[in-house]
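A.B. asks: Structure supplied as target16.tsv; contents: TSV, C-alpha atoms.
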```
chain	number	residue	atom	x	y	z
P	16	MET	CA	-3.04	-0.64	-41.27
P	17	GLU	CA	-2.06	2.63	-42.90
P	18	VAL	CA	0.00	5.27	-41.06
P	19	GLY	CA	-2.89	7.74	-40.73
P	20	GLN	CA	-5.09	5.11	-39.12
P	21	MET	CA	-2.29	4.07	-36.74
P	22	GLN	CA	-1.78	7.72	-35.77
P	23	ARG	CA	-5.52	8.17	-35.08
P	24	THR	CA	-5.47	4.97	-33.02
P	25	TRP	CA	-2.47	6.30	-31.08
P	26	VAL	CA	-4.22	9.61	-30.32
P	27	GLU	CA	-7.37	7.85	-29.07
P	28	TYR	CA	-5.29	5.38	-27.04
P	29	MET	CA	-3.31	8.21	-25.44
P	30	LYS	CA	-6.50	10.09	-24.59
P	31	SER	CA	-7.91	6.96	-22.96
P	32	LEU	CA	-4.83	6.69	-20.74
P	33	PHE	CA	-5.41	10.22	-19.40
P	34	ARG	CA	-9.19	10.23	-19.01
P	35	GLU	CA	-10.28	10.71	-15.47
P	36	VAL	CA	-12.63	8.04	-14.21
P	37	PHE	CA	-13.63	8.73	-10.65
P	38	ILE	CA	-14.31	5.36	-9.10
P	39	PHE	CA	-13.58	4.45	-5.52
P	40	VAL	CA	-11.57	1.24	-5.50
P	41	ARG	CA	-10.64	-0.15	-2.10
P	42	PHE	CA	-8.58	2.68	-0.63
P	43	PHE	CA	-8.41	5.53	-3.12
P	44	TRP	CA	-10.06	7.32	-6.00
P	45	VAL	CA	-9.01	5.93	-9.36
P	46	LYS	CA	-8.20	8.38	-12.12
P	47	GLY	CA	-6.64	7.89	-15.52
P	48	PHE	CA	-3.64	5.60	-15.83
P	49	LEU	CA	-1.28	8.47	-16.64
P	50	ASP	CA	-0.99	12.15	-15.78
P	51	GLY	CA	0.77	15.16	-17.28
P	52	GLN	CA	4.19	13.97	-16.12
P	53	PHE	CA	4.12	11.33	-18.87
P	54	THR	CA	3.43	14.02	-21.45
P	55	GLN	CA	6.40	15.97	-20.11
P	56	LEU	CA	8.60	12.89	-20.65
P	57	GLN	CA	7.37	12.61	-24.21
P	58	LEU	CA	8.19	16.26	-24.86
P	59	LEU	CA	11.80	15.62	-23.76
P	60	GLN	CA	12.20	13.07	-26.54
P	61	ASP	CA	13.70	14.44	-29.75
P	62	GLU	CA	15.82	13.43	-32.73
P	63	SER	CA	18.99	13.42	-30.64
P	64	ASN	CA	17.41	10.97	-28.17
P	65	PRO	CA	14.60	9.15	-30.03
P	66	ASP	CA	14.34	6.31	-27.50
P	67	PHE	CA	14.16	8.49	-24.38
P	68	VAL	CA	10.64	7.48	-23.32
P	69	VAL	CA	11.24	3.78	-24.00
P	70	GLU	CA	14.43	3.92	-21.92
P	71	VAL	CA	12.74	5.72	-19.01
P	72	VAL	CA	9.75	3.37	-19.07
P	73	SER	CA	12.05	0.33	-19.24
P	74	LEU	CA	13.94	1.57	-16.18
P	75	PHE	CA	10.62	2.10	-14.41
P	76	PHE	CA	9.65	-1.50	-15.20
P	77	GLU	CA	12.98	-2.86	-13.90
P	78	ASP	CA	12.84	-0.75	-10.75
P	79	SER	CA	9.21	-1.67	-10.14
P	80	GLU	CA	9.83	-5.40	-10.43
P	81	ARG	CA	12.67	-5.15	-7.92
P	82	LEU	CA	10.59	-3.06	-5.51
P	83	LEU	CA	7.62	-5.39	-5.73
P	84	ASN	CA	9.87	-8.35	-4.93
P	85	ASP	CA	11.43	-6.43	-2.02
P	86	LEU	CA	7.98	-5.52	-0.69
P	87	THR	CA	6.74	-9.09	-0.99
P	88	ARG	CA	9.76	-10.38	0.95
P	89	ALA	CA	9.53	-7.65	3.58
P	90	LEU	CA	5.85	-8.31	4.26
P	91	ASP	CA	6.46	-12.06	4.35
P	92	GLN	CA	8.70	-11.77	7.44
P	93	GLN	CA	7.61	-13.06	10.83
P	94	ILE	CA	8.18	-9.58	12.26
P	95	VAL	CA	7.51	-6.90	9.66
P	96	ASP	CA	9.88	-3.93	9.59
P	97	PHE	CA	7.31	-1.28	8.65
P	98	LYS	CA	9.96	1.42	8.27
P	99	ARG	CA	11.66	-0.70	5.62
P	100	VAL	CA	8.35	-1.49	3.90
P	101	ASP	CA	7.47	2.21	3.95
P	102	ALA	CA	10.86	3.10	2.44
P	103	HIS	CA	10.23	0.69	-0.45
P	104	VAL	CA	6.70	2.03	-0.97
P	105	HIS	CA	8.00	5.60	-0.85
P	106	GLN	CA	10.56	4.78	-3.53
P	107	PHE	CA	7.89	3.10	-5.67
P	108	LYS	CA	5.63	6.13	-5.24
P	109	GLY	CA	8.46	8.39	-6.40
P	110	SER	CA	9.31	6.35	-9.49
P	111	SER	CA	5.63	6.06	-10.38
P	112	SER	CA	5.21	9.81	-10.03
P	113	SER	CA	8.27	10.47	-12.19
P	114	ILE	CA	6.72	8.74	-15.20
P	115	GLY	CA	3.15	9.83	-14.49
P	116	ALA	CA	1.72	6.46	-13.42
P	117	GLN	CA	-0.86	8.11	-11.20
P	118	ARG	CA	-2.92	5.04	-10.29
P	119	VAL	CA	0.21	3.27	-9.05
P	120	ARG	CA	1.20	6.43	-7.16
P	121	ASN	CA	-2.26	6.64	-5.55
P	122	ALA	CA	-2.11	3.01	-4.49
P	123	CYS	CA	1.29	3.71	-2.90
P	124	ILE	CA	-0.15	6.65	-0.95
P	125	ALA	CA	-2.80	4.40	0.59
P	126	PHE	CA	-0.14	1.74	1.24
P	127	ARG	CA	2.05	4.22	3.13
P	128	ASN	CA	-0.85	5.13	5.41
P	129	PHE	CA	-1.18	1.50	6.48
P	130	CYS	CA	2.59	1.23	6.97
P	131	GLU	CA	2.34	4.15	9.35
P	132	GLU	CA	-0.43	2.32	11.24
P	133	GLN	CA	1.68	-0.87	11.16
P	134	ASN	CA	-1.31	-2.78	9.84
P	135	SER	CA	0.07	-5.98	8.26
P	136	GLU	CA	-3.24	-7.19	6.91
P	137	MET	CA	-4.03	-3.94	5.12
P	138	CYS	CA	-0.42	-3.64	3.89
P	139	LEU	CA	-0.77	-7.04	2.24
P	140	LYS	CA	-4.02	-5.93	0.60
P	141	CYS	CA	-2.35	-2.73	-0.55
P	142	LEU	CA	0.54	-4.71	-1.98
P	143	GLN	CA	-1.94	-6.68	-4.09
P	144	GLN	CA	-3.57	-3.42	-5.22
P	145	VAL	CA	-0.19	-1.89	-6.11
P	146	LYS	CA	0.74	-5.02	-8.07
P	147	GLN	CA	-2.56	-4.91	-9.93
P	148	GLU	CA	-2.22	-1.22	-10.80
P	149	TYR	CA	1.40	-1.70	-11.84
P	150	ASN	CA	0.52	-4.63	-14.11
P	151	LEU	CA	-2.28	-2.61	-15.70
P	152	VAL	CA	-0.10	0.42	-16.43
P	153	LYS	CA	2.75	-1.80	-17.60
P	154	ASN	CA	0.43	-3.46	-20.11
P	155	LYS	CA	-0.92	-0.09	-21.28
P	156	LEU	CA	2.58	1.38	-21.71
P	157	GLU	CA	3.84	-1.70	-23.55
P	158	ASN	CA	0.89	-1.40	-25.96
P	159	LEU	CA	1.57	2.31	-26.43
P	160	ILE	CA	5.26	1.73	-27.15
P	161	ARG	CA	4.45	-1.07	-29.59
P	162	LEU	CA	2.00	1.19	-31.46
P	163	GLU	CA	4.56	4.01	-31.58
P	164	GLN	CA	7.17	1.62	-32.98
P	165	GLN	CA	4.72	0.48	-35.68
P	166	ILE	CA	3.97	4.08	-36.65
P	167	VAL	CA	7.66	4.96	-36.96
P	168	ALA	CA	8.45	1.71	-38.82
P	169	ALA	CA	5.70	2.60	-41.34
P	170	GLY	CA	7.35	5.99	-41.95
P	171	GLY	CA	5.03	8.06	-39.78
P	172	SER	CA	5.60	10.29	-36.79
P	173	ILE	CA	3.96	10.43	-33.39
P	174	PRO	CA	1.18	13.06	-33.57
P	175	MET	CA	1.79	14.79	-30.21
P	176	GLU	CA	0.26	18.02	-31.49
P	177	GLU	CA	-3.13	16.31	-31.86
P	178	LEU	CA	-3.42	15.63	-28.14
P	179	SER	CA	-5.63	17.97	-26.20
P	180	PHE	CA	-6.59	17.15	-22.64
```
Could you render the structure as structure tokens?
C.D. replies:
Amino acid sequence: MEVGQMQRTWVEYMKSLFREVFIFVRFFWVKGFLDGQFTQLQLLQDESNPDFVVEVVSLFFEDSERLLNDLTRALDQQIVDFKRVDAHVHQFKGSSSSIGAQRVRNACIAFRNFCEEQNSEMCLKCLQQVKQEYNLVKNKLENLIRLEQQIVAAGGSIPMEELSF
């Protein structure tokens, strides 16, 4: 595929990640996968730090995997420490917000409400929803990064100026 076509594909893919689709799924309204915070991260990337976004996203993935494991273990206890679960969910919400993963963030907001109610059954359902949203955004971001790497390897640049939301 030629560079121009890859760049057009990238622009359309990026737009699809931000489109707002208002669908009620379980506990919250689902919007686009990403929000403006992700664009802000991209704008921080420059020639002096060309891998900034990849590094931030990789840290998000590592942190998320750890938090999901911690949440799974915490909710698997005979007596659930809801303050601890809530602390993990709060941290996950913060890291999701920092990269603009708004669907993960929204799932965490619903999760925290059930932690406050100390509702084990709904917390387990929320954990499954958070895992699903995380896996979706992880897949989308991995595809985006792969496409960006292909564009750069072919001698092109990422067409940020063509994005209009």
A.B. asks: Between P:Leu59, P:Leu49, P:Met21, P:Ala102, which residue has the minimum interatomic distance to Arg34 of chain P, considering all atoms listed in the file?
C.D. replies: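 Smallest distance to Arg34 of chain P is found for P:Leu49.
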A.B. asks: Expressed in Å to a single decimal, how great is the separation between atom CA of His105 of chain P and atom CA of Ile124 of chain P?
C.D. replies: 8.2 Å
A.B. asks: Of the candidates P:Val95, P:Leu83, P:Leu162, P:Leu32, which shows the shortest atom-to-atom distance to Lys108 of chain P, using all atoms listed in the file?
C.D. replies: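 For Lys108 of chain P, the nearest of the given residues is P:Leu83.
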A.B. asks: If we count only C-alpha atoms and set the cut-off at 8 Å, which residues sit around segment 60-74 of chain P, ignoring sequence neighbours fewer than 6 positions away in its own chain? Please answer as a ChimeraX atom specification.
C.D. replies: /P:114,156,160
A.B. asks: In Å to one decimal, how far is atom CA of Lys155 of chain P from atom CA of Val100 of chain P?
C.D. replies: 26.9 Å
A.B. asks: Give me, please, the distance in Å between atom CA of Pro174 of chain P and atom CA of Phe75 of chain P, quoted to one decimal.
C.D. replies: 24.0 Å
A.B. asks: Rank P:Met16, P:Leu82, P:Ala168, P:Ala116 by their smallest atom-to-atom distance to Gln52 of chain P, using all atoms listed in the file, and report the top residue only.
C.D. replies: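 Comparing P:Met16, P:Leu82, P:Ala168, P:Ala116 against Gln52 of chain P, the winner is P:Ala116.
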A.B. asks: Which protein, DNA or RNA residues are at most 12 Å from (8.4, -1.0, -8.8) in the file's coordinates when you count only C-alpha atoms, listed as an mmCIF file with C-alpha atoms, keeping the file's coordinate frame?
C.D. replies:
```cif
data_model
loop_
_atom_site.group_PDB
_atom_site.id
_atom_site.type_symbol
_atom_site.label_atom_id
_atom_site.label_comp_id
_atom_site.auth_asym_id
_atom_site.auth_seq_id
_atom_site.Cartn_x
_atom_site.Cartn_y
_atom_site.Cartn_z
ATOM 1 C CA VAL P 72 9.750 3.370 -19.070
ATOM 2 C CA SER P 73 12.050 0.330 -19.240
ATOM 3 C CA LEU P 74 13.940 1.570 -16.180
ATOM 4 C CA PHE P 75 10.620 2.100 -14.410
ATOM 5 C CA PHE P 76 9.650 -1.500 -15.200
ATOM 6 C CA GLU P 77 12.980 -2.860 -13.900
ATOM 7 C CA ASP P 78 12.840 -0.750 -10.750
ATOM 8 C CA SER P 79 9.210 -1.670 -10.140
ATOM 9 C CA GLU P 80 9.830 -5.400 -10.430
ATOM 10 C CA ARG P 81 12.670 -5.150 -7.920
ATOM 11 C CA LEU P 82 10.590 -3.060 -5.510
ATOM 12 C CA LEU P 83 7.620 -5.390 -5.730
ATOM 13 C CA ASN P 84 9.870 -8.350 -4.930
ATOM 14 C CA ASP P 85 11.430 -6.430 -2.020
ATOM 15 C CA LEU P 86 7.980 -5.520 -0.690
ATOM 16 C CA THR P 87 6.740 -9.090 -0.990
ATOM 17 C CA HIS P 103 10.230 0.690 -0.450
ATOM 18 C CA VAL P 104 6.700 2.030 -0.970
ATOM 19 C CA HIS P 105 8.000 5.600 -0.850
ATOM 20 C CA GLN P 106 10.560 4.780 -3.530
ATOM 21 C CA PHE P 107 7.890 3.100 -5.670
ATOM 22 C CA LYS P 108 5.630 6.130 -5.240
ATOM 23 C CA GLY P 109 8.460 8.390 -6.400
ATOM 24 C CA SER P 110 9.310 6.350 -9.490
ATOM 25 C CA SER P 111 5.630 6.060 -10.380
ATOM 26 C CA SER P 112 5.210 9.810 -10.030
ATOM 27 C CA SER P 113 8.270 10.470 -12.190
ATOM 28 C CA ILE P 114 6.720 8.740 -15.200
ATOM 29 C CA ALA P 116 1.720 6.460 -13.420
ATOM 30 C CA VAL P 119 0.210 3.270 -9.050
ATOM 31 C CA ARG P 120 1.200 6.430 -7.160
ATOM 32 C CA CYS P 123 1.290 3.710 -2.900
ATOM 33 C CA LEU P 142 0.540 -4.710 -1.980
ATOM 34 C CA VAL P 145 -0.190 -1.890 -6.110
ATOM 35 C CA LYS P 146 0.740 -5.020 -8.070
ATOM 36 C CA GLN P 147 -2.560 -4.910 -9.930
ATOM 37 C CA GLU P 148 -2.220 -1.220 -10.800
ATOM 38 C CA TYR P 149 1.400 -1.700 -11.840
ATOM 39 C CA ASN P 150 0.520 -4.630 -14.110
ATOM 40 C CA VAL P 152 -0.100 0.420 -16.430
ATOM 41 C CA LYS P 153 2.750 -1.800 -17.600
#
```
A.B. asks: Point out the residue among P:Phe48, P:Phe53, P:Phe97, P:Phe33 with the least atom-to-atom distance to Leu151 of chain P, counting only C-alpha atoms.
C.D. replies: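 Nearest candidate to Leu151 of chain P out of P:Phe48, P:Phe53, P:Phe97, P:Phe33: P:Phe48.
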A.B. asks: Put the listed atoms of segment 67-80 of chain P in a box along x, y and z with 3 Å added on every side and give me the centre and edge lengths in Å to one decimal, as lines of an AutoDock Vina configuration file.
C.D. replies:
```
center_x = 11.8
center_y = 1.5
center_z = -17.3
size_x = 11.2
size_y = 19.9
size_z = 20.2
```
A.B. asks: Since fewer atoms than expected are present, regenerate N, CA, C and O atoms for segment 65-84 of chain P and write them as a CSV table (one decimal), in the coordinates of the input.
C.D. replies:
```csv
chain,number,residue,atom,x,y,z
P,65,PRO,N,15.9,9.7,-29.6
P,65,PRO,CA,14.6,9.2,-30.0
P,65,PRO,C,14.0,8.0,-29.2
P,65,PRO,O,12.8,7.8,-29.2
P,66,ASP,N,14.8,7.4,-28.3
P,66,ASP,CA,14.3,6.3,-27.5
P,66,ASP,C,14.2,6.7,-26.0
P,66,ASP,O,14.1,5.9,-25.2
P,67,PHE,N,14.2,8.0,-25.8
P,67,PHE,CA,14.2,8.5,-24.4
P,67,PHE,C,13.0,7.9,-23.6
P,67,PHE,O,13.2,7.3,-22.5
P,68,VAL,N,11.8,8.0,-24.1
P,68,VAL,CA,10.6,7.5,-23.3
P,68,VAL,C,10.7,6.0,-23.1
P,68,VAL,O,10.5,5.5,-22.0
P,69,VAL,N,11.1,5.2,-24.1
P,69,VAL,CA,11.2,3.8,-24.0
P,69,VAL,C,12.3,3.4,-22.9
P,69,VAL,O,12.1,2.5,-22.1
P,70,GLU,N,13.4,4.2,-22.9
P,70,GLU,CA,14.4,3.9,-21.9
P,70,GLU,C,13.9,4.2,-20.5
P,70,GLU,O,14.2,3.4,-19.6
P,71,VAL,N,13.3,5.4,-20.3
P,71,VAL,CA,12.7,5.7,-19.0
P,71,VAL,C,11.7,4.7,-18.5
P,71,VAL,O,11.7,4.3,-17.4
P,72,VAL,N,10.8,4.3,-19.4
P,72,VAL,CA,9.8,3.4,-19.1
P,72,VAL,C,10.4,2.0,-18.7
P,72,VAL,O,10.0,1.3,-17.8
P,73,SER,N,11.4,1.6,-19.5
P,73,SER,CA,12.0,0.3,-19.2
P,73,SER,C,12.7,0.3,-17.9
P,73,SER,O,12.6,-0.7,-17.1
P,74,LEU,N,13.3,1.5,-17.5
P,74,LEU,CA,13.9,1.6,-16.2
P,74,LEU,C,12.9,1.5,-15.1
P,74,LEU,O,13.1,0.9,-14.0
P,75,PHE,N,11.7,2.2,-15.4
P,75,PHE,CA,10.6,2.1,-14.4
P,75,PHE,C,10.2,0.7,-14.2
P,75,PHE,O,9.9,0.2,-13.1
P,76,PHE,N,10.0,-0.1,-15.3
P,76,PHE,CA,9.6,-1.5,-15.2
P,76,PHE,C,10.6,-2.3,-14.4
P,76,PHE,O,10.3,-3.1,-13.5
P,77,GLU,N,11.9,-2.1,-14.6
P,77,GLU,CA,13.0,-2.9,-13.9
P,77,GLU,C,12.9,-2.5,-12.4
P,77,GLU,O,13.0,-3.4,-11.6
P,78,ASP,N,12.9,-1.2,-12.1
P,78,ASP,CA,12.8,-0.8,-10.8
P,78,ASP,C,11.6,-1.3,-10.0
P,78,ASP,O,11.6,-1.7,-8.9
P,79,SER,N,10.5,-1.2,-10.7
P,79,SER,CA,9.2,-1.7,-10.1
P,79,SER,C,9.2,-3.2,-9.8
P,79,SER,O,8.8,-3.5,-8.7
P,80,GLU,N,9.8,-4.0,-10.7
P,80,GLU,CA,9.8,-5.4,-10.4
P,80,GLU,C,10.7,-5.7,-9.2
P,80,GLU,O,10.3,-6.5,-8.3
P,81,ARG,N,11.8,-5.0,-9.1
P,81,ARG,CA,12.7,-5.2,-7.9
P,81,ARG,C,11.9,-4.7,-6.6
P,81,ARG,O,12.0,-5.4,-5.6
P,82,LEU,N,11.3,-3.6,-6.7
P,82,LEU,CA,10.6,-3.1,-5.5
P,82,LEU,C,9.4,-4.0,-5.1
P,82,LEU,O,9.2,-4.2,-3.9
P,83,LEU,N,8.7,-4.5,-6.1
P,83,LEU,CA,7.6,-5.4,-5.7
P,83,LEU,C,8.1,-6.7,-5.1
P,83,LEU,O,7.5,-7.2,-4.1
P,84,ASN,N,9.3,-7.2,-5.6
P,84,ASN,CA,9.9,-8.4,-4.9
P,84,ASN,C,10.3,-8.0,-3.5
P,84,ASN,O,10.1,-8.8,-2.6
```
